[in-house]
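K.L.:
My structure file start.txt, compact mmCIF, C-alpha atoms, is below:
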```txt
# COMPACT_ATOMS: atom_id res chain seq x y z
CA MET A 1244 -38.27 19.56 36.89
CA LYS A 1245 -36.00 22.25 35.46
CA ILE A 1246 -32.36 22.71 36.41
CA THR A 1247 -29.41 24.72 35.17
CA LEU A 1248 -26.01 23.08 35.27
CA SER A 1249 -22.82 25.06 34.93
CA ILE A 1250 -20.18 23.36 32.82
CA PRO A 1251 -16.68 23.97 34.19
CA THR A 1252 -13.43 23.86 32.25
CA ILE A 1253 -12.74 20.19 31.58
CA ASN A 1254 -9.48 18.68 30.38
CA ASP A 1255 -8.36 15.07 30.41
CA TYR A 1256 -5.25 15.55 32.53
CA THR A 1257 -6.42 13.76 35.67
CA THR A 1258 -9.34 11.66 36.87
CA ALA A 1259 -10.75 14.84 38.46
CA ASP A 1260 -11.56 16.08 34.96
CA PHE A 1261 -13.66 12.97 34.37
CA ASP A 1262 -15.25 13.30 37.80
CA ALA A 1263 -16.55 16.71 36.73
CA LEU A 1264 -18.32 14.99 33.82
CA PHE A 1265 -19.70 12.18 35.96
CA ASN A 1266 -21.00 14.72 38.47
CA LEU A 1267 -22.97 16.41 35.70
CA TRP A 1268 -24.36 13.01 34.70
CA ASN A 1269 -25.32 12.35 38.30
CA GLN A 1270 -27.27 15.60 38.55
CA ALA A 1271 -29.13 15.07 35.28
CA ASN A 1272 -29.74 11.32 35.58
CA ASN A 1273 -33.52 11.43 36.02
CA ASP A 1274 -36.65 11.19 33.89
CA ASN A 1275 -38.53 14.26 32.69
CA MET A 1276 -35.79 16.69 33.56
CA ASP A 1277 -35.30 19.88 31.55
CA VAL A 1278 -31.64 20.81 31.69
CA THR A 1279 -29.98 24.04 30.64
CA PHE A 1280 -26.21 23.90 30.36
CA GLU A 1281 -24.59 27.28 30.88
CA LEU A 1282 -20.96 27.88 29.96
CA SER A 1283 -19.94 31.18 31.54
CA GLN A 1284 -17.30 29.49 33.75
CA CYS A 1285 -15.96 27.27 30.99
CA GLU A 1286 -12.61 28.15 29.45
CA PHE A 1287 -12.10 24.93 27.50
CA LEU A 1288 -13.60 21.51 26.87
CA ARG A 1289 -11.37 18.75 25.67
CA HIS A 1290 -12.55 15.99 23.32
CA ASN A 1291 -13.55 13.76 26.26
CA ALA A 1292 -15.92 16.41 27.56
CA VAL A 1293 -17.39 17.04 24.11
CA ALA A 1294 -18.17 13.35 23.53
CA PHE A 1295 -19.57 12.94 27.04
CA LEU A 1296 -21.75 16.07 27.05
CA GLY A 1297 -23.20 15.13 23.66
CA GLY A 1298 -24.16 11.73 24.97
CA LEU A 1299 -25.53 13.17 28.20
CA ALA A 1300 -27.72 15.56 26.23
CA ARG A 1301 -29.15 12.70 24.16
CA LEU A 1302 -29.71 10.67 27.34
CA ILE A 1303 -31.73 13.51 28.86
CA GLU A 1304 -33.76 13.80 25.66
CA GLU A 1305 -34.43 10.08 25.60
CA ARG A 1306 -35.79 10.34 29.13
CA HIS A 1307 -38.31 12.91 27.94
CA GLY A 1308 -36.35 15.91 29.11
CA LYS A 1309 -35.41 19.02 27.18
CA VAL A 1310 -31.80 20.09 26.74
CA THR A 1311 -30.63 23.62 26.07
CA PHE A 1312 -27.05 24.66 25.63
CA ASP A 1313 -27.12 28.34 26.52
CA TRP A 1314 -24.69 29.38 23.80
CA PRO A 1315 -24.79 33.15 24.59
CA THR A 1316 -23.17 32.36 27.98
CA LEU A 1317 -20.13 30.95 26.22
CA LYS A 1318 -17.64 33.82 26.38
CA ASN A 1319 -14.39 32.10 25.48
CA ASN A 1320 -13.79 32.62 21.77
CA TRP A 1321 -11.25 29.82 21.49
CA LEU A 1322 -13.71 27.33 22.91
CA ARG A 1323 -16.50 28.73 20.75
CA THR A 1324 -14.38 28.19 17.65
CA ASN A 1325 -13.46 24.67 18.73
CA LEU A 1326 -17.05 23.62 19.44
CA ALA A 1327 -18.24 25.09 16.16
CA GLN A 1328 -15.38 23.49 14.25
CA ASN A 1329 -15.97 19.98 15.60
CA GLY A 1330 -19.69 20.11 14.90
CA PHE A 1331 -20.87 20.07 18.50
CA MET A 1332 -22.65 23.43 18.34
CA ALA A 1333 -24.38 22.44 15.11
CA ALA A 1334 -25.56 19.19 16.73
CA PHE A 1335 -27.20 21.22 19.51
CA GLY A 1336 -29.08 24.02 17.89
CA HIS A 1337 -26.45 26.49 16.74
CA SER A 1338 -25.90 27.51 13.14
CA SER A 1339 -22.06 27.67 13.31
CA GLY A 1340 -19.82 25.05 11.75
CA PRO A 1341 -18.55 22.48 11.33
CA TRP A 1342 -15.36 22.99 9.35
CA SER A 1343 -12.00 21.29 9.11
CA GLY A 1344 -9.26 22.03 11.69
CA ASN A 1345 -7.35 20.45 14.57
CA SER A 1346 -10.64 19.18 15.94
CA ILE A 1347 -11.82 15.77 14.96
CA PRO A 1348 -15.59 15.89 14.51
CA TYR A 1349 -18.02 15.13 17.29
CA ARG A 1350 -19.91 12.01 16.31
CA GLU A 1351 -23.05 10.11 17.32
CA ASP A 1352 -23.56 6.49 16.21
CA LYS A 1353 -26.87 4.96 17.08
CA PHE A 1354 -26.22 1.94 14.87
CA LEU A 1355 -23.10 0.15 13.75
CA ASP A 1356 -22.26 1.42 10.24
CA LYS A 1357 -18.83 -0.09 9.78
CA ASN A 1358 -17.76 1.64 6.56
CA ASN A 1359 -18.90 5.07 7.73
CA MET A 1360 -17.13 4.62 11.06
CA MET A 1361 -14.00 3.33 9.36
CA ASP A 1362 -13.93 6.45 7.16
CA TYR A 1363 -14.17 8.58 10.32
CA LEU A 1364 -11.21 6.82 11.90
CA LYS A 1365 -9.12 6.57 8.74
CA ILE A 1366 -9.81 9.97 7.23
CA MET A 1367 -11.10 12.36 9.91
CA TRP A 1368 -9.02 11.03 12.83
CA LEU A 1369 -5.81 9.61 11.37
CA GLY A 1370 -5.75 10.76 7.77
CA ARG A 1371 -5.40 14.49 8.09
CA GLY A 1372 -1.65 14.67 7.57
CA TRP A 1373 -0.78 15.31 11.22
CA VAL A 1374 0.14 11.71 11.94
CA HIS A 1375 3.12 10.53 9.95
CA VAL A 1376 2.41 6.84 9.63
CA SER A 1377 2.47 4.32 6.82
CA GLU A 1378 -0.77 2.95 5.44
CA GLN A 1379 0.00 -0.37 7.11
CA LEU A 1380 0.38 1.25 10.51
CA ARG A 1381 -2.66 3.45 9.98
CA ASN A 1382 -4.72 0.35 9.29
CA ALA A 1383 -3.32 -1.40 12.37
CA ILE A 1384 -4.21 1.56 14.61
CA VAL A 1385 -7.70 1.82 13.14
CA GLY A 1386 -8.24 -1.93 13.56
CA ARG A 1387 -7.27 -1.81 17.22
CA VAL A 1388 -9.42 1.27 17.91
CA TRP A 1389 -12.32 -0.44 16.18
CA GLU A 1390 -12.26 -2.99 19.00
CA ILE A 1391 -13.51 -0.20 21.33
CA TYR A 1392 -16.52 0.44 19.10
CA ASP A 1393 -17.18 -3.26 18.63
CA ASN A 1394 -17.18 -3.79 22.40
CA ALA A 1395 -19.52 -0.87 22.93
CA PHE A 1396 -22.02 -2.03 20.32
CA MET A 1397 -21.77 -5.66 21.38
CA HIS A 1398 -22.04 -5.23 25.15
CA ALA A 1399 -23.20 -1.78 26.25
CA GLN A 1400 -26.94 -1.98 25.42
CA SER A 1401 -26.89 1.80 25.01
CA SER A 1402 -30.22 2.71 23.46
CA ILE A 1403 -28.96 6.15 22.49
CA GLY A 1404 -25.82 4.76 20.83
CA ILE A 1405 -22.14 5.62 21.04
CA PHE A 1406 -20.56 9.08 21.19
CA SER A 1407 -17.06 10.00 20.05
CA CYS A 1408 -14.83 12.98 19.67
CA GLY A 1409 -11.14 13.31 19.02
CA GLN A 1410 -8.54 16.00 19.00
CA HIS A 1411 -5.06 16.50 17.65
CA TYR A 1412 -2.78 18.26 20.12
CA PRO A 1413 0.13 19.46 18.00
CA ARG A 1414 2.29 20.78 20.86
CA HIS A 1415 2.22 17.38 22.57
CA HIS A 1416 2.33 15.41 19.31
CA GLU A 1417 -0.66 13.47 20.53
CA LEU A 1418 -3.78 12.20 18.88
CA LYS A 1419 -6.68 11.42 21.20
CA LEU A 1420 -10.09 9.86 20.98
CA THR A 1421 -12.88 9.36 23.49
CA VAL A 1422 -15.65 6.82 22.94
CA VAL A 1423 -18.46 6.82 25.49
CA ASP A 1424 -21.70 4.91 25.88
CA PHE A 1425 -24.47 5.32 28.43
CA GLY A 1426 -25.30 1.64 28.66
CA VAL A 1427 -25.07 -0.88 31.49
CA GLY A 1428 -21.31 -0.75 32.08
CA ILE A 1429 -18.65 -3.47 32.05
CA PRO A 1430 -19.02 -4.51 35.74
CA SER A 1431 -22.75 -5.05 35.27
CA ASN A 1432 -22.13 -7.35 32.29
CA VAL A 1433 -19.48 -9.33 34.13
CA ARG A 1434 -21.65 -9.78 37.24
CA LEU A 1435 -24.59 -10.83 35.08
CA PHE A 1436 -22.40 -13.37 33.28
CA PHE A 1437 -21.52 -14.98 36.62
CA ARG A 1438 -25.02 -14.60 38.09
CA ASP A 1439 -25.29 -18.30 38.94
CA ASP A 1440 -22.42 -17.94 41.40
CA PRO A 1441 -23.39 -16.21 44.67
CA ARG A 1442 -19.97 -14.53 44.82
CA ALA A 1443 -20.69 -12.55 41.63
CA LYS A 1444 -22.65 -9.84 43.46
CA SER A 1445 -19.55 -8.99 45.48
CA LEU A 1446 -17.24 -8.56 42.51
CA SER A 1447 -15.60 -5.16 42.56
CA ALA A 1448 -15.78 -2.99 39.47
CA ALA A 1449 -11.98 -2.89 39.28
CA ASN A 1450 -11.71 -6.69 39.23
CA CYS A 1451 -14.42 -6.88 36.58
CA LEU A 1452 -12.41 -4.51 34.37
CA LYS A 1453 -9.25 -6.51 34.96
CA TRP A 1454 -11.03 -9.73 34.00
CA ALA A 1455 -12.41 -8.10 30.84
CA PHE A 1456 -8.87 -7.24 29.73
CA GLN A 1457 -7.59 -10.80 30.06
CA ARG A 1458 -7.06 -12.70 26.87
CA GLY A 1459 -9.97 -14.94 26.00
CA THR A 1460 -12.44 -13.75 28.59
CA THR A 1461 -15.86 -12.80 27.26
CA THR A 1462 -19.34 -12.32 28.63
CA LYS A 1463 -20.85 -13.70 25.45
CA PRO A 1464 -22.31 -17.18 25.94
CA ASN A 1465 -20.84 -20.28 24.34
CA GLY A 1466 -20.48 -20.19 20.59
CA THR A 1467 -17.65 -18.47 18.81
CA SER A 1468 -14.41 -17.86 20.65
CA ARG A 1469 -14.09 -14.17 21.51
CA GLY A 1470 -12.50 -11.91 24.08
CA MET A 1471 -9.42 -10.81 22.15
CA GLY A 1472 -10.35 -7.21 21.37
CA LEU A 1473 -9.36 -5.45 24.58
CA ASP A 1474 -6.28 -7.63 24.88
CA LEU A 1475 -5.09 -6.71 21.37
CA LEU A 1476 -5.81 -3.04 22.04
CA LYS A 1477 -3.95 -3.15 25.33
CA GLU A 1478 -0.87 -4.76 23.80
CA PHE A 1479 -0.86 -2.26 20.94
CA VAL A 1480 -1.08 0.68 23.34
CA LYS A 1481 1.71 -0.68 25.53
CA ILE A 1482 4.09 -1.43 22.66
CA ASN A 1483 3.52 1.93 21.02
CA LYS A 1484 3.78 4.18 24.08
CA GLY A 1485 0.16 5.20 24.01
CA LYS A 1486 -2.25 5.51 26.90
CA LEU A 1487 -5.62 3.92 27.52
CA GLU A 1488 -8.06 4.85 30.26
CA ILE A 1489 -11.42 3.25 30.93
CA PHE A 1490 -14.07 4.40 33.40
CA SER A 1491 -17.04 2.11 34.04
CA HIS A 1492 -19.16 2.21 37.21
CA GLU A 1493 -16.64 2.97 39.95
CA GLY A 1494 -13.96 0.97 38.13
CA TYR A 1495 -10.98 2.65 36.49
CA ALA A 1496 -8.29 1.16 34.28
CA LEU A 1497 -5.10 2.91 33.23
CA ILE A 1498 -2.78 1.18 30.79
CA ASP A 1499 0.39 2.54 29.28
CA GLU A 1500 3.90 1.37 28.46
CA THR A 1501 4.94 0.90 32.07
CA GLN A 1502 1.83 0.09 34.03
CA GLU A 1503 -1.57 -1.58 34.19
CA ILE A 1504 -3.67 -0.18 36.98
CA PHE A 1505 -7.16 -1.39 37.88
CA MET A 1506 -8.78 0.37 40.80
CA ASN A 1507 -12.06 1.44 42.33
CA ARG A 1508 -12.84 5.12 42.67
CA GLN A 1509 -15.41 7.13 44.59
CA THR A 1510 -17.23 8.48 41.54
CA PHE A 1511 -19.76 6.29 39.79
CA PHE A 1512 -20.75 6.42 36.11
CA GLU A 1513 -23.13 3.77 34.86
CA GLY A 1514 -21.87 3.58 31.27
CA THR A 1515 -18.36 3.16 29.88
CA LEU A 1516 -15.93 5.86 28.80
CA VAL A 1517 -12.75 4.99 26.91
CA ASN A 1518 -10.07 7.63 26.42
CA ILE A 1519 -7.14 6.70 24.22
CA SER A 1520 -3.97 8.57 23.24
CA PHE A 1521 -1.51 7.79 20.48
CA ARG A 1522 1.78 9.34 19.47
CA CYS A 1523 1.89 11.14 16.14
CA ASP A 1524 5.11 9.78 14.73
CA GLU A 1525 5.90 6.43 13.20
CA SER A 1526 9.27 6.33 14.94
CA TYR A 1527 7.39 5.54 18.16
CA TYR A 1528 5.74 2.52 16.67
CA HIS A 1529 6.64 -1.07 16.52
CA LEU A 1530 4.58 -3.61 14.67
CA ALA A 1531 5.13 -7.12 15.87
CA SER A 1532 5.67 -9.48 12.98
CA GLU A 1533 5.12 -13.14 12.59
CA ALA A 1534 7.42 -15.18 10.38
CA PRO A 1535 5.25 -15.86 7.30
CA ASP A 1536 6.42 -19.43 6.87
CA GLU A 1537 5.43 -20.50 10.39
CA PRO A 1538 2.25 -22.56 10.53
CA LEU A 1539 -0.76 -20.52 11.58
CA PHE A 1540 -2.52 -23.21 13.59
CA MET B 1203 -11.22 -23.19 -3.74
CA LYS B 1204 -9.78 -19.66 -3.65
CA LEU B 1205 -11.71 -16.76 -2.11
CA ASP B 1206 -10.93 -13.12 -2.83
CA ILE B 1207 -11.82 -11.57 0.54
CA TYR B 1208 -11.83 -8.02 -0.80
CA GLU B 1209 -14.40 -9.00 -3.42
CA LEU B 1210 -16.60 -10.68 -0.82
CA ILE B 1211 -16.27 -8.29 2.14
CA GLY B 1212 -14.42 -5.14 1.05
CA GLU B 1213 -11.45 -3.36 2.55
CA ASN B 1214 -12.65 -3.56 6.19
CA CYS B 1215 -12.72 -7.06 7.66
CA ILE B 1216 -13.80 -6.17 11.17
CA THR B 1217 -17.20 -7.57 12.10
CA LEU B 1218 -18.41 -10.92 13.35
CA GLU B 1219 -21.09 -11.00 10.66
CA ASP B 1220 -18.58 -10.61 7.83
CA GLY B 1221 -16.38 -13.26 9.40
CA GLN B 1222 -19.34 -15.62 9.60
CA LYS B 1223 -19.94 -15.17 5.85
CA ILE B 1224 -16.43 -16.43 5.13
CA TYR B 1225 -16.74 -19.25 7.65
CA ASP B 1226 -20.00 -20.45 6.09
CA ARG B 1227 -18.27 -20.74 2.71
CA ILE B 1228 -15.08 -22.44 3.78
CA HIS B 1229 -16.14 -24.67 6.65
CA PRO B 1230 -17.91 -27.36 4.55
CA LYS B 1231 -15.04 -27.44 2.05
CA LEU B 1232 -12.44 -27.87 4.79
CA LEU B 1233 -14.54 -30.52 6.53
CA ALA B 1234 -14.60 -32.41 3.25
CA GLY B 1235 -10.80 -32.22 3.07
CA HIS B 1236 -10.54 -29.70 0.23
CA ILE B 1237 -7.79 -27.10 0.09
CA VAL B 1238 -9.01 -23.52 0.60
CA GLU B 1239 -7.05 -20.34 -0.16
CA LEU B 1240 -8.05 -17.02 1.41
CA ASP B 1241 -6.56 -14.10 -0.49
CA PHE B 1242 -6.49 -10.90 1.58
CA ALA B 1243 -4.94 -8.65 -1.10
CA ARG B 1244 -6.38 -5.08 -1.00
CA VAL B 1245 -7.97 -5.62 2.40
CA GLY B 1246 -6.87 -2.82 4.75
CA VAL B 1247 -8.25 -3.15 8.25
CA TYR B 1248 -8.79 -6.26 10.36
CA ALA B 1249 -10.25 -6.71 13.80
CA SER B 1250 -10.59 -9.68 16.11
CA PRO B 1251 -14.37 -10.27 15.68
CA PHE B 1252 -13.80 -10.99 11.99
CA PHE B 1253 -10.84 -13.31 12.56
CA ASN B 1254 -12.65 -15.13 15.38
CA ALA B 1255 -15.71 -15.84 13.28
CA ALA B 1256 -14.01 -16.53 9.94
CA ILE B 1257 -11.05 -18.59 11.09
CA GLY B 1258 -10.97 -19.08 14.87
CA GLN B 1259 -14.16 -21.08 15.03
CA LEU B 1260 -12.89 -23.57 12.45
CA LEU B 1261 -11.07 -25.13 15.39
CA LYS B 1262 -14.40 -26.19 16.85
CA ASP B 1263 -14.42 -29.36 14.75
CA ILE B 1264 -11.29 -29.36 12.58
CA LYS B 1265 -7.87 -30.27 13.94
CA ALA B 1266 -5.07 -27.69 13.85
CA GLU B 1267 -2.79 -29.97 11.82
CA ASP B 1268 -5.53 -30.43 9.21
CA LEU B 1269 -6.05 -26.67 9.01
CA ASN B 1270 -2.32 -26.11 8.56
CA ARG B 1271 -2.47 -28.49 5.61
CA LEU B 1272 -5.74 -27.35 4.06
CA LEU B 1273 -6.12 -23.62 4.70
CA LYS B 1274 -3.77 -21.17 2.96
CA VAL B 1275 -3.82 -17.52 3.97
CA LEU B 1276 -2.36 -15.22 1.33
CA ASN B 1277 -1.33 -11.56 1.28
CA LEU B 1278 -1.75 -10.83 4.96
CA VAL B 1279 0.84 -8.28 6.14
CA PRO B 1280 3.03 -9.43 9.06
CA ALA B 1281 1.29 -7.32 11.75
CA ASP B 1282 -2.11 -8.68 10.77
CA ARG B 1283 -0.74 -12.19 10.57
CA THR B 1284 0.44 -11.75 14.15
CA ALA B 1285 -3.03 -10.63 15.23
CA LEU B 1286 -4.56 -13.63 13.45
CA LYS B 1287 -2.07 -15.94 15.12
CA LEU B 1288 -3.10 -14.60 18.55
CA VAL B 1289 -6.76 -15.11 17.71
CA ILE B 1290 -5.99 -18.68 16.64
CA GLU B 1291 -4.08 -19.39 19.86
CA ASN B 1292 -7.01 -18.09 21.85
CA SER B 1293 -9.47 -20.17 19.82
CA LYS B 1294 -7.39 -23.30 20.34
CA GLN B 1295 -7.59 -22.78 24.06
CA TYR B 1296 -11.28 -21.87 23.93
CA TYR B 1297 -12.33 -24.97 22.01
CA SER B 1298 -9.96 -27.47 23.53
CA ASP B 1299 -9.46 -26.47 27.14
CA GLU B 1300 -12.59 -25.55 29.00
CA ASN B 1301 -10.70 -25.91 32.26
CA PHE B 1302 -8.48 -22.97 31.33
CA ARG B 1303 -11.51 -20.69 31.03
CA LYS B 1304 -12.97 -22.03 34.25
CA ALA B 1305 -9.67 -21.38 36.03
CA GLN B 1306 -9.63 -17.75 34.83
CA ASP B 1307 -13.21 -17.28 36.01
CA GLU B 1308 -12.49 -18.90 39.36
CA VAL B 1309 -9.60 -16.48 39.97
CA LEU B 1310 -12.01 -13.59 39.53
CA LEU B 1311 -14.67 -15.08 41.79
CA GLU B 1312 -12.13 -15.86 44.50
CA GLN B 1313 -11.19 -12.18 44.47
CA ALA B 1314 -14.85 -11.42 45.24
CA GLU B 1315 -14.68 -13.74 48.24
CA ASN B 1316 -11.58 -12.05 49.56
CA GLN B 1317 -12.89 -8.48 49.32
```
As structure tokens, what does this structure read like?

P.N.:
Amino acid sequence: MKITLSIPTINDYTTADFDALFNLWNQANNDNMDVTFELSQCEFLRHNAVAFLGGLARLIEERHGKVTFDWPTLKNNWLRTNLAQNGFMAAFGHSSGPWSGNSIPYREDKFLDKNNMMDYLKIMWLGRGWVHVSEQLRNAIVGRVWEIYDNAFMHAQSSIGIFSCGQHYPRHHELKLTVVDFGVGIPSNVRLFFRDDPRAKSLSAANCLKWAFQRGTTTKPNGTSRGMGLDLLKEFVKINKGKLEIFSHEGYALIDETQEIFMNRQTFFEGTLVNISFRCDESYYHLASEAPDEPLF
Amino acid sequence: MKLDIYELIGENCITLEDGQKIYDRIHPKLLAGHIVELDFARVGVYASPFFNAAIGQLLKDIKAEDLNRLLKVLNLVPADRTALKLVIENSKQYYSDENFRKAQDEVLLEQAENQ
């Protein structure tokens, strides 16, 4: 089957922007489907859209479909420059780019390569001079963001891997990153973990997300204590006036300085998308500190 | 025994596997009552999987007061020490209080009933 999907302008201002992405996924979520993406109506794609569309294209390919980005239909020069600069066009059959700029490269990780991914976060995302932070704070941010990747590799079962893209928005003094997988989703893992209890099938996606963010909860079986990653990330985002959004199945989590919202939405996406925003100035940040002479245990 | 973590793992202490490598070296020594020093100088980035595996799981069979006496953690900056402390608190609860975990899980499952 052959279809052509028109990519609209996609930002990350509201959940409607993400719905536009999930609707594309819904239309292309079949085996043996040849998909052409045309871009004549698209004025801009933010980092979240870039990461998601890259992953969606690889998903279609894995399901024995063919993907074509119809680059001649892309009329907006600003967007063309951005997609060439961040390496997305080069990843999908175009000869332009990448080069260094405000874009943080589009990235595909099929396997966990910790040092390579750390270099991406430290150098390409945070280390480009637009975020005025000390080395200690840079390392703390990278460590907390790593928890997103660790969760994705540990739990998602995404055979095509993990997809990321970031962007520096100088006018808003914001640094953003989206990490998306096309795996089984957080609610599926939580329900599977509780499969021996008949109530598990009725768990809402929102409650599954809320549970996953609680300190010490983990879907990994007995062994090593776990379940601190999302909690540490959440606390870091709250203290430092950042913003964290997660979409998984119909569940949605929004966490910032003033609120923690877990809710169900109408739109379904089987994988997990994490969108995170940080401020670009150290004056916003506060690093909690433990008195060094206090016993650790 | 003193371990230079940078020499053994590198500047990124973030994965469960790397944490397990440290645990495998220090656990028998601590069980035998020897003093162990972990020197984190030159290490840059930490994440919870590493701390859980390297240090958190020591609480499985070694008492907290013994670990306070035997295990010395050197050159960890305050923010990372705070993260480690949180991981340790979580591990204490995980290994000593199964009822706490069950209570958390039951809250979730009761929500399913009430939907």

K.L.:
Env of His1375 (chain A): 8 Å cut, atoms = all atoms listed in the file, seq-sep filter 2 positions within chain, self excluded. Answer as a PyMOL selection string.

P.N.:
chain A and resi 1372-1373+1377+1523-1525

K.L.:
Using all atoms listed in the file, which residues sit within 7 Å of Ala1243 (chain B) once same-chain residues fewer than 2 positions away are excluded, as a short mmCIF file (atom, residue, chain, number, x, y, z; two decimals) with C-alpha atoms, keeping the file's coordinate frame?

P.N.:
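Below is the file out.cif, written as the result:
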```cif
data_model
loop_
_atom_site.label_atom_id
_atom_site.label_comp_id
_atom_site.auth_asym_id
_atom_site.auth_seq_id
_atom_site.Cartn_x
_atom_site.Cartn_y
_atom_site.Cartn_z
CA TYR B 1208 -11.83 -8.02 -0.80
CA ASP B 1241 -6.56 -14.10 -0.49
CA VAL B 1245 -7.97 -5.62 2.40
CA ASN B 1277 -1.33 -11.56 1.28
#
```

K.L.:
Could you tell me how far CA of Gln1259 (chain B) sits from CA of Ser1293 (chain B), in Å to one decimal place?

P.N.:
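CA of Gln1259 (chain B) lies at a distance of 6.8 Å from CA of Ser1293 (chain B).
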
K.L.:
Using all atoms listed in the file, can you tell me which of B:Glu1267, B:Asp1206, B:Glu1308, B:Asp1226 comes closest to chain A?

P.N.:
B:Glu1267

K.L.:
Near Pro1413 (chain A), within 12 Å and counting all atoms listed in the file, which residues show up once chain neighbours fewer than 3 positions away are dropped, as a VMD selection string?

P.N.:
chain A and resid 1344 to 1346 1372 to 1374 1410 1416 to 1419 1522 to 1524

K.L.:
Write out as a list in words which residues come within 8 Å of region 1260-1276 of chain A when counting only C-alpha atoms, dropping same-chain ones fewer than 5 positions away.

P.N.:
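Selected residues are Met1244, Lys1245, Ile1246, Leu1248, Pro1251, Ile1253, Asn1254, Asp1255, Ala1292, Phe1295, Leu1296, Leu1299, Ile1303, Arg1306, His1307, Gly1308, Lys1309, Thr1510, Phe1511 and Phe1512 of chain A.
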
K.L.:
If you keep C-alpha atoms, can you produce a file of those selected residues as a short mmCIF file (atom, residue, chain, number, x, y, z; two decimals), in the frame of the given file?

P.N.:
```cif
data_model
loop_
_atom_site.label_atom_id
_atom_site.label_comp_id
_atom_site.auth_asym_id
_atom_site.auth_seq_id
_atom_site.Cartn_x
_atom_site.Cartn_y
_atom_site.Cartn_z
CA MET A 1244 -38.27 19.56 36.89
CA LYS A 1245 -36.00 22.25 35.46
CA ILE A 1246 -32.36 22.71 36.41
CA LEU A 1248 -26.01 23.08 35.27
CA PRO A 1251 -16.68 23.97 34.19
CA ILE A 1253 -12.74 20.19 31.58
CA ASN A 1254 -9.48 18.68 30.38
CA ASP A 1255 -8.36 15.07 30.41
CA ALA A 1292 -15.92 16.41 27.56
CA PHE A 1295 -19.57 12.94 27.04
CA LEU A 1296 -21.75 16.07 27.05
CA LEU A 1299 -25.53 13.17 28.20
CA ILE A 1303 -31.73 13.51 28.86
CA ARG A 1306 -35.79 10.34 29.13
CA HIS A 1307 -38.31 12.91 27.94
CA GLY A 1308 -36.35 15.91 29.11
CA LYS A 1309 -35.41 19.02 27.18
CA THR A 1510 -17.23 8.48 41.54
CA PHE A 1511 -19.76 6.29 39.79
CA PHE A 1512 -20.75 6.42 36.11
#
```

K.L.:
Let me have the centre and edge lengths in Å, one decimal, of the box along x, y and z around every listed atom of region 1418-1421 of chain A with 5 Å of margin on each side, as AutoDock Vina command-line options.

P.N.:
```
--center_x -8.3 --center_y 10.8 --center_z 21.2 --size_x 19.1 --size_y 12.8 --size_z 14.6
```

K.L.:
Please list as JSON, numbers by chain every residue within 12 Å of region 1429-1431 of chain A, counting only C-alpha atoms and excluding residues in the same chain fewer than 2 positions away.

P.N.:
{"A": [1394, 1395, 1397, 1398, 1399, 1400, 1424, 1425, 1426, 1427, 1433, 1434, 1435, 1436, 1437, 1438, 1443, 1444, 1445, 1446, 1447, 1448, 1449, 1450, 1451, 1452, 1453, 1454, 1455, 1456, 1461, 1462, 1489, 1490, 1491, 1492, 1493, 1494, 1495, 1496, 1507, 1511, 1512, 1513, 1514, 1515, 1516, 1517]}

K.L.:
One decimal, Å: what's the distance from CA of Ser1402 (chain A) over to CA of Val1385 (chain A), could you say?

P.N.:
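So the answer is 24.8 Å.
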
K.L.:
Go through B:Ile1290, B:Phe1302, B:Gln1295, B:Asp1268 one by one, measure the shortest atom-to-atom distance of each to Val1238 (chain B) using only C-alpha atoms, and give the residue with the smallest value.

P.N.:
B:Asp1268

K.L.:
Between A:Asn1358, A:Ser1401, A:Gln1284, A:Ser1339, single out the one closest to chain B, counting only C-alpha atoms.

P.N.:
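Distance minimum relative to chain B lands on A:Asn1358.
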